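In what follows, a single structure is set out as structure tokens and then discussed.
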Amino acid sequence: MGLHYCIRLRLENHASFFGPGVEQILLLVDETGSLQTAAAQMEMSYSKAWKIIRHAEQELGFPLMERHVGGSGGGYSRLTPKGRDFVNRYTDFRQELCKVADGLFEKYFNAGEQDEKD
């Protein structure tokens, strides 16, 4: 049958503010040390990435990133300790949710296919 499922996990407060896209931006910032580089790798404008991060920070009530502008050593962005903890918890939650969903999908759809083939 070729069935599969798709879960897109979003966190909401007053509105949706954190999902796979924000997670990816922050993980790339952590990897590259640059919001501009992270945005470019996602084929997103820097201003859009910055707006998304600011919105998430406003909803959460704490900064996700530290930003240091230019200077002789160059600028950089990095996750705050609280931001890193939040991203790690979101990632762990998403991965665990997917494992549970895989089991349920197998139970309700793939196991049924095996019964029909017998």
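Residue numbers start at 1 in each chain; chains themselves are named A, B, ... in the order of the structure tokens; ligands are numbered from 1 in the order shown.
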
Find the spatial neighbours of Gly19 (chain A), counting only C-alpha atoms, within a cut-off of 8 Å - ignore same-chain residues fewer than 5 positions away - and output them as a PyMOL selection string. chain A and resi 8-11

Take the residues that were just selected and, keeping C-alpha atoms, output them as a short mmCIF file (atom, residue, chain, number, x, y, z; two decimals), in the first residue's frame.
```cif
data_model
loop_
_atom_site.label_atom_id
_atom_site.label_comp_id
_atom_site.auth_asym_id
_atom_site.auth_seq_id
_atom_site.Cartn_x
_atom_site.Cartn_y
_atom_site.Cartn_z
CA ARG A 8 4.74 18.05 12.43
CA LEU A 9 5.19 18.96 16.08
CA ARG A 10 4.63 22.61 17.00
CA LEU A 11 4.65 24.22 20.42
#
```

Please extract the residues of chain A with a backbone DSSP assignment of alpha helix (DSSP H) and present them as a PyMOL selection string. chain A and resi 20-32+35-41+46-60+81-105+111-117

Contacts of Glu23 (chain A) at 12 Å or less, counting only C-alpha atoms, minus same-chain residues fewer than 2 places along, as a count of residues only? 35

Could you tell me, as a list in words, which residues of chain A DSSP assigns to strand (DSSP E) when given the backbone? Leu11, Glu12, Ser16, Phe17, Phe18, Met65, Glu66, Arg67, His68, Tyr76, Ser77, Arg78 and Leu79 of chain A

Between A:Phe62, A:Trp50, A:Phe105, A:Tyr5, which has the minimum distance to Leu35 (chain A) (counting only C-alpha atoms)?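 Ranking A:Phe62, A:Trp50, A:Phe105, A:Tyr5 by distance to Leu35 (chain A), first place goes to A:Trp50.
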
Need to verify the contact set: Pro63 (chain A), 8 Å, only C-alpha atoms, exclusion of same-chain residues closer than 5 positions in sequence. Can you return it as an MDAnalysis selection string? chainID A and resid 57 80 82:83

Selection file, C-alpha atoms, as an mmCIF file, in the first residue's frame:
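Writing done, so here's result35.cif:
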```cif
data_model
loop_
_atom_site.group_PDB
_atom_site.id
_atom_site.type_symbol
_atom_site.label_atom_id
_atom_site.label_comp_id
_atom_site.auth_asym_id
_atom_site.auth_seq_id
_atom_site.Cartn_x
_atom_site.Cartn_y
_atom_site.Cartn_z
ATOM 1 C CA GLU A 57 12.037 34.207 22.447
ATOM 2 C CA THR A 80 22.297 30.439 25.525
ATOM 3 C CA LYS A 82 18.696 27.928 28.556
ATOM 4 C CA GLY A 83 18.233 27.968 24.776
#
```

Neighbour list for region 2-4 of chain A as a list in words, cut-off 10 Å, only C-alpha atoms, skip fewer than 4 positions in-chain: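 Contacts, in chain order: Asp102, Phe105, Glu106, Phe109 and Asn110 of chain A.
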
Can you work out which one of A:Ser16, A:Arg78, A:Ile7, A:Glu96 has the shortest atom-to-atom distance to Glu59 (chain A), counting only C-alpha atoms? A:Ser16
